[in-house]
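For reference, the structure is listed below as C-alpha cells.
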There are 2 protein chains.
Amino acid sequence: MTAEDGGADLAQAVGSRVRELRRGRGLSLSELARQAGLGKGTLSELESGRRNPTLETLYALSAPLGVGLAGLIAEHVDTKAGISVDGYGASTVLLDVVTAAEASTEIYRLTILPGPRHVSPSHGPGVRERLVVVTGRVRAGRNGALGEAGPGESLDWASDGEHSYESLTDGPVVAILVITHPV
Amino acid sequence: MTAEDGGADLAQAVGSRVRELRRGRGLSLSELARQAGLGKGTLSELESGRRNPTLETLYALSAPLGVGLAGLIAEHVDTKAGISVDGYGASTVLLDVVTAAEASTEIYRLTILPGPRHVSPSHGPGVRERLVVVTGRVRAGRNGALGEAGPGESLDWASDGEHSYESLTDGPVVAILVITHPV
DNA sequence: TAGCATCGTTCCATAAACAGAACGCCAGGA
DNA sequence: TCCTGGCGTTCTGTTTATGGAACGATGCTA
C-alpha cells in the first residue's frame, strides 16, 4: 500500500538523520542508547530504517542529540504532506491558516530550486504577500518592482498583479510566505 | 508549560493537537481515520493521549490534516525559546523547522493577548528573530530598541539579549515568528 | 600471543500499537 | 414509535516495537 511505502521511506530517512546526528556528536551507538534509555538493538534497527519508531522513542533520542523532536523529522515534511502548487522547481507547503474578522492569512513554506523564475498571476485586490527568507537568496515581488533578500531578510508586495520568485543561489531557496486575503 | 515532558505528557499534547487540527478542518474522527487509513480505535485513543503513536501513524495523519509532520509535534512549549514561560496571555505553536547546513530555523505562530509585555531572555549569540504580524498591532524587539508593526508588516532583531513582545490592540495579536539559530 | 573492553548486529520474550468489530449514544425520517 | 445512519469509545486478536541477552568483530594492553 502507498502508506506503507511512504512509511518505509520515512523510517529510512529518520534513521539516517539520527545516525548522522549521532556521528556528528561523536557518540557511539551504545553510548547514545544508554543516554536515551533505549536498547541497543532498538537503536541499531531504527538507524538502519528497519523500525517504525514510536513517538516516545523519538523523544528519548531528541534530548541527548540536542535537537528538538521536530528536528528529527523536519526534513521529510515536504513531499506529500502539503499542497504543491507548482511542481517543477518550486513547491509550497501550507503550514498554517489564521482567520480573523478582517482578513484570512495563510502561511506557507516555499522552496524554490535554481532555474527560471516562477511567475504567479494576480491574486485579486487587497491581497498582500510577505516573504521571509530562511536559506539562500531570492529575487521576488511584483513584476517591475522586484526586490532581493537573503537569510533573515524579507520582502513584501501587493499581489493584485503578476509577480514572480527566483532563486539567486546554486542551492534551493527556502522561505516563509505569508499571504493575507481581506474578507 | 509542560517543560518536563514525560512521555505520557507528550502523547497527551500530540493527541490534543491532532484533535484540534481535525476539528479545525471540520472532519469527524471516523472520516479522518478513513482518509488516513487508520482504525477508528487507533485514532480515538491517540487523540485522548492513551497511545504512543508510531512514526508511520503520525505520518498517515499529517497528509489529510494538511500539515507537515513537525506540525503535529506541537510540543514546543517552550523550554528553550522561553516565550510562553509566563503562560498567561501568550502562546507559541511550532509550525515548521527548516534545517540547513549553516543554520536551523523554526517557524512559530505566536499569539499575544492584551496585557503586560512578555519578556524573553537572551537566546545565545547569532540567533535572530523576525516577526510578521498577521492581526493586531504589536510592539516588540530588543529592549531599548523596540519597534511597532501592524498587519502585513514585520520586525526583526538579534535575540542575543533580552527582548519583549506586547500587544497594542484590544484583541489578540497573531504573528509568525521566525527564529534562526546558527549551527 | 592471550585477555579484555567496546563496538554494532541479531535473536528472543514481552508489552503494546494496530485494524476491525461490537457497542451505546444521538439525531432525523417514516 | 421504530428504523436507519453516523458518531466516538471500548473490546479483541494479530502484528510489531521494545529491552535485554546473546554473538562475532575490532582494537588495545600486557
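Residue numbers start at 1 in each chain; chains themselves are named A, B, ... in the order of the C-alpha cells; ligands are numbered from 1 in the order shown.
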
### Task
For Leu38 (chain B), work out the shell of residues within 9 Å, counting only C-alpha atoms (C1' of nucleotides) and skipping chain neighbours fewer than 3 positions away, then give it as number ranges by chain.
B: 32-35, 41-43, 57, 60-61; C: 18-19

Save out the residues we just selected, C-alpha atoms (C1' of nucleotides), as a compact mmCIF listing (two decimals), in the first residue's frame.
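Contents of out_1.txt, freshly written:
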```txt
# COMPACT_ATOMS: atom_id res chain seq x y z
CA LEU B 32 -10.14 11.35 9.33
CA ALA B 33 -9.42 7.73 10.23
CA ARG B 34 -10.74 6.67 6.85
CA GLN B 35 -8.70 9.26 4.96
CA GLY B 41 -9.99 2.97 17.67
CA THR B 42 -6.39 3.88 16.96
CA LEU B 43 -7.31 7.48 16.29
CA THR B 57 0.78 6.59 12.16
CA ALA B 60 -0.54 8.99 7.84
CA LEU B 61 -2.36 11.73 9.74
C1' DC C 18 -2.60 -1.77 15.35
C1' DA C 19 -7.19 -2.90 12.36
```

Using only C-alpha atoms (C1' of nucleotides), which residues of chain C come within 12 Å of chain B, and what is the closest atom pair for each, with the distance in Å to one decimal? Give it as a tab-separated table, sorted by chain and residue number.
```
residue	atom	partner	partner_atom	distance
C:DA16	C1'	B:Asn52	CA	8.9
C:DA17	C1'	B:Pro53	CA	7.2
C:DC18	C1'	B:Thr42	CA	7.0
C:DA19	C1'	B:Gly39	CA	5.4
C:DG20	C1'	B:Gly39	CA	7.0
C:DA21	C1'	B:Gly41	CA	10.5
C:DA22	C1'	B:Gly41	CA	11.9
```

### Query
Taking only C-alpha atoms (C1' of nucleotides) into account, which residues of chain B are within 8 Å of chain D, as a PyMOL selection string?
chain B and resi 28-30+41+44

Can I get the selected residues back with C-alpha atoms, as a PDB file, in the first residue's frame?
```pdb
ATOM      1  CA  SER B  28     -15.200  13.743  12.064  1.00  0.00           C
ATOM      2  CA  LEU B  29     -12.992  11.212  13.769  1.00  0.00           C
ATOM      3  CA  SER B  30     -14.323   8.458  11.535  1.00  0.00           C
ATOM      4  CA  GLY B  41      -9.986   2.966  17.672  1.00  0.00           C
ATOM      5  CA  SER B  44      -9.693   7.709  19.223  1.00  0.00           C
TER       6      SER B  44
END
```

### Message
Give me the residues near Ser159 (chain B) as a PyMOL selection string, where near means some atom within 7 Å (using only C-alpha atoms (C1' of nucleotides)) and where sequence neighbours in that chain fewer than 2 positions away do not count.
### Response
chain B and resi 122-123+127-129+142+157+161-163

How would the residues just chosen look if you wrote them out with N, CA, C and O atoms as a compact mmCIF listing (two decimals), in the first residue's frame?
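Everything below was put into out28.txt:
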```
# COMPACT_ATOMS: atom_id res chain seq x y z
N SER B 122 17.77 36.23 26.66
CA SER B 122 18.68 36.03 25.53
C SER B 122 18.65 34.60 25.02
O SER B 122 18.53 33.66 25.80
N HIS B 123 18.74 34.43 23.71
CA HIS B 123 18.76 33.08 23.13
C HIS B 123 20.15 32.65 22.70
O HIS B 123 20.28 31.65 22.01
N VAL B 127 21.65 34.22 17.21
CA VAL B 127 20.23 33.91 17.00
C VAL B 127 19.48 35.19 16.61
O VAL B 127 19.66 36.23 17.24
N ARG B 128 18.69 35.10 15.55
CA ARG B 128 17.90 36.25 15.11
C ARG B 128 16.43 35.87 15.07
O ARG B 128 16.08 34.72 14.83
N GLU B 129 15.59 36.86 15.28
CA GLU B 129 14.15 36.63 15.17
C GLU B 129 13.56 37.63 14.20
O GLU B 129 14.01 38.77 14.11
N ARG B 142 14.35 44.05 20.78
CA ARG B 142 15.28 44.09 21.89
C ARG B 142 14.92 45.25 22.79
O ARG B 142 14.58 46.32 22.33
N TRP B 157 15.19 41.44 14.84
CA TRP B 157 16.20 41.84 15.81
C TRP B 157 17.10 40.65 16.13
O TRP B 157 16.72 39.49 15.87
N GLY B 161 19.98 39.00 23.45
CA GLY B 161 19.80 39.90 24.58
C GLY B 161 18.33 39.86 24.94
O GLY B 161 17.52 39.30 24.19
N GLU B 162 17.98 40.41 26.06
CA GLU B 162 16.59 40.35 26.49
C GLU B 162 15.71 41.09 25.48
O GLU B 162 16.07 42.15 25.00
N HIS B 163 14.57 40.51 25.17
CA HIS B 163 13.67 41.16 24.23
C HIS B 163 12.24 40.92 24.68
O HIS B 163 11.99 40.10 25.56
```

### Task
Just give me the gap between CA of Thr135 (chain A) and CA of Gly150 (chain A) in Å, one decimal is fine.
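Those two atoms sit 7.1 Å apart.
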
### Query
By how many Å are CA of Tyr108 (chain B) and CA of Arg23 (chain A) apart?
29.0 Å

### Message
Measuring between only C-alpha atoms, which one of A:Ile112, A:Val119, A:Ala140, A:Leu131 shows the shortest distance to chain B?
### Response
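Ranked by minimum distance to chain B, first place goes to A:Leu131.
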
### Atomic separation - CA of Asp160 (chain A) relative to CA of Ile176 (chain A), Å
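Result for CA of Ile176 (chain A) versus CA of Asp160 (chain A): 19.4 Å, one decimal.
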
### Query
Which residue, B:Glu31, B:Glu20, B:Asp156, B:Glu45, has the smallest gap to chain A when you use only C-alpha atoms?
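That would be B:Asp156, the residue with the smallest distance to chain A.
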
### Task
Using only C-alpha atoms (C1' of nucleotides), determine which residues lie at most 10 Å from Val173 (chain B), disregarding the query and same-chain residues fewer than 5 positions distant; provide the list as a list in words.
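Skipping anything fewer than 5 positions along the chain leaves Ala90, Leu110, Thr111, Ile112, Leu113, Pro114, Val133, Val134, Thr135, Gly136, Arg137, Val138, Gly150, Pro151, Glu166, Ser167 and Leu168 of chain B.
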
Suppose we keep N, CA and C atoms; can you now write the selection as a PDB file, in the first residue's frame?
```
ATOM      1  N   ALA B  90       0.150  34.577  26.384  1.00  0.00           N
ATOM      2  CA  ALA B  90       0.957  34.370  25.182  1.00  0.00           C
ATOM      3  C   ALA B  90       1.159  32.884  24.960  1.00  0.00           C
ATOM      4  N   LEU B 110       2.685  32.836  16.881  1.00  0.00           N
ATOM      5  CA  LEU B 110       2.733  33.467  18.195  1.00  0.00           C
ATOM      6  C   LEU B 110       1.433  34.216  18.422  1.00  0.00           C
ATOM      7  N   THR B 111       0.804  33.957  19.539  1.00  0.00           N
ATOM      8  CA  THR B 111      -0.432  34.663  19.883  1.00  0.00           C
ATOM      9  C   THR B 111      -0.202  35.424  21.186  1.00  0.00           C
ATOM     10  N   ILE B 112      -0.476  36.711  21.162  1.00  0.00           N
ATOM     11  CA  ILE B 112      -0.266  37.548  22.342  1.00  0.00           C
ATOM     12  C   ILE B 112      -1.579  38.223  22.699  1.00  0.00           C
ATOM     13  N   LEU B 113      -2.055  37.991  23.896  1.00  0.00           N
ATOM     14  CA  LEU B 113      -3.276  38.658  24.335  1.00  0.00           C
ATOM     15  C   LEU B 113      -2.919  40.032  24.900  1.00  0.00           C
ATOM     16  N   PRO B 114      -3.889  40.936  24.913  1.00  0.00           N
ATOM     17  CA  PRO B 114      -3.627  42.249  25.503  1.00  0.00           C
ATOM     18  C   PRO B 114      -3.211  42.077  26.959  1.00  0.00           C
ATOM     19  N   VAL B 133       3.506  40.298  11.413  1.00  0.00           N
ATOM     20  CA  VAL B 133       2.220  40.446  12.090  1.00  0.00           C
ATOM     21  C   VAL B 133       1.095  40.030  11.153  1.00  0.00           C
ATOM     22  N   VAL B 134       0.172  39.259  11.689  1.00  0.00           N
ATOM     23  CA  VAL B 134      -0.975  38.810  10.902  1.00  0.00           C
ATOM     24  C   VAL B 134      -2.217  39.600  11.295  1.00  0.00           C
ATOM     25  N   THR B 135      -2.496  39.670  12.576  1.00  0.00           N
ATOM     26  CA  THR B 135      -3.622  40.506  13.029  1.00  0.00           C
ATOM     27  C   THR B 135      -3.177  41.290  14.245  1.00  0.00           C
ATOM     28  N   GLY B 136      -3.762  42.457  14.417  1.00  0.00           N
ATOM     29  CA  GLY B 136      -3.458  43.291  15.578  1.00  0.00           C
ATOM     30  C   GLY B 136      -2.210  44.120  15.348  1.00  0.00           C
ATOM     31  N   ARG B 137      -1.780  44.758  16.406  1.00  0.00           N
ATOM     32  CA  ARG B 137      -0.606  45.628  16.320  1.00  0.00           C
ATOM     33  C   ARG B 137       0.285  45.295  17.500  1.00  0.00           C
ATOM     34  N   VAL B 138       1.590  45.218  17.250  1.00  0.00           N
ATOM     35  CA  VAL B 138       2.495  44.728  18.286  1.00  0.00           C
ATOM     36  C   VAL B 138       3.680  45.672  18.438  1.00  0.00           C
ATOM     37  N   GLY B 150       2.064  46.505  12.323  1.00  0.00           N
ATOM     38  CA  GLY B 150       0.664  46.117  12.167  1.00  0.00           C
ATOM     39  C   GLY B 150       0.561  45.018  11.118  1.00  0.00           C
ATOM     40  N   PRO B 151      -0.654  44.656  10.743  1.00  0.00           N
ATOM     41  CA  PRO B 151      -0.860  43.533   9.815  1.00  0.00           C
ATOM     42  C   PRO B 151      -0.027  43.661   8.543  1.00  0.00           C
ATOM     43  N   GLU B 166       4.610  42.809  22.972  1.00  0.00           N
ATOM     44  CA  GLU B 166       3.483  43.425  23.658  1.00  0.00           C
ATOM     45  C   GLU B 166       2.377  43.742  22.668  1.00  0.00           C
ATOM     46  N   SER B 167       1.166  43.374  23.013  1.00  0.00           N
ATOM     47  CA  SER B 167       0.023  43.704  22.166  1.00  0.00           C
ATOM     48  C   SER B 167      -0.361  45.162  22.370  1.00  0.00           C
ATOM     49  N   LEU B 168      -0.627  45.846  21.264  1.00  0.00           N
ATOM     50  CA  LEU B 168      -1.047  47.244  21.364  1.00  0.00           C
ATOM     51  C   LEU B 168      -2.534  47.391  21.054  1.00  0.00           C
TER      52      LEU B 168
END
```

### Query
For chain B, which of A:Pro116, A:Gly141, A:Gly147, A:Gly126 is the closest residue, counting only C-alpha atoms?
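That would be A:Gly126, the residue with the smallest distance to chain B.
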
### Message
I need the residue nearest Gly152 (chain B) from this list: A:Thr169, A:Arg139, A:Arg50, A:Val132. Use only C-alpha atoms for the distance.
### Response
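Checking each candidate against Gly152 (chain B), we get A:Val132 as the closest.
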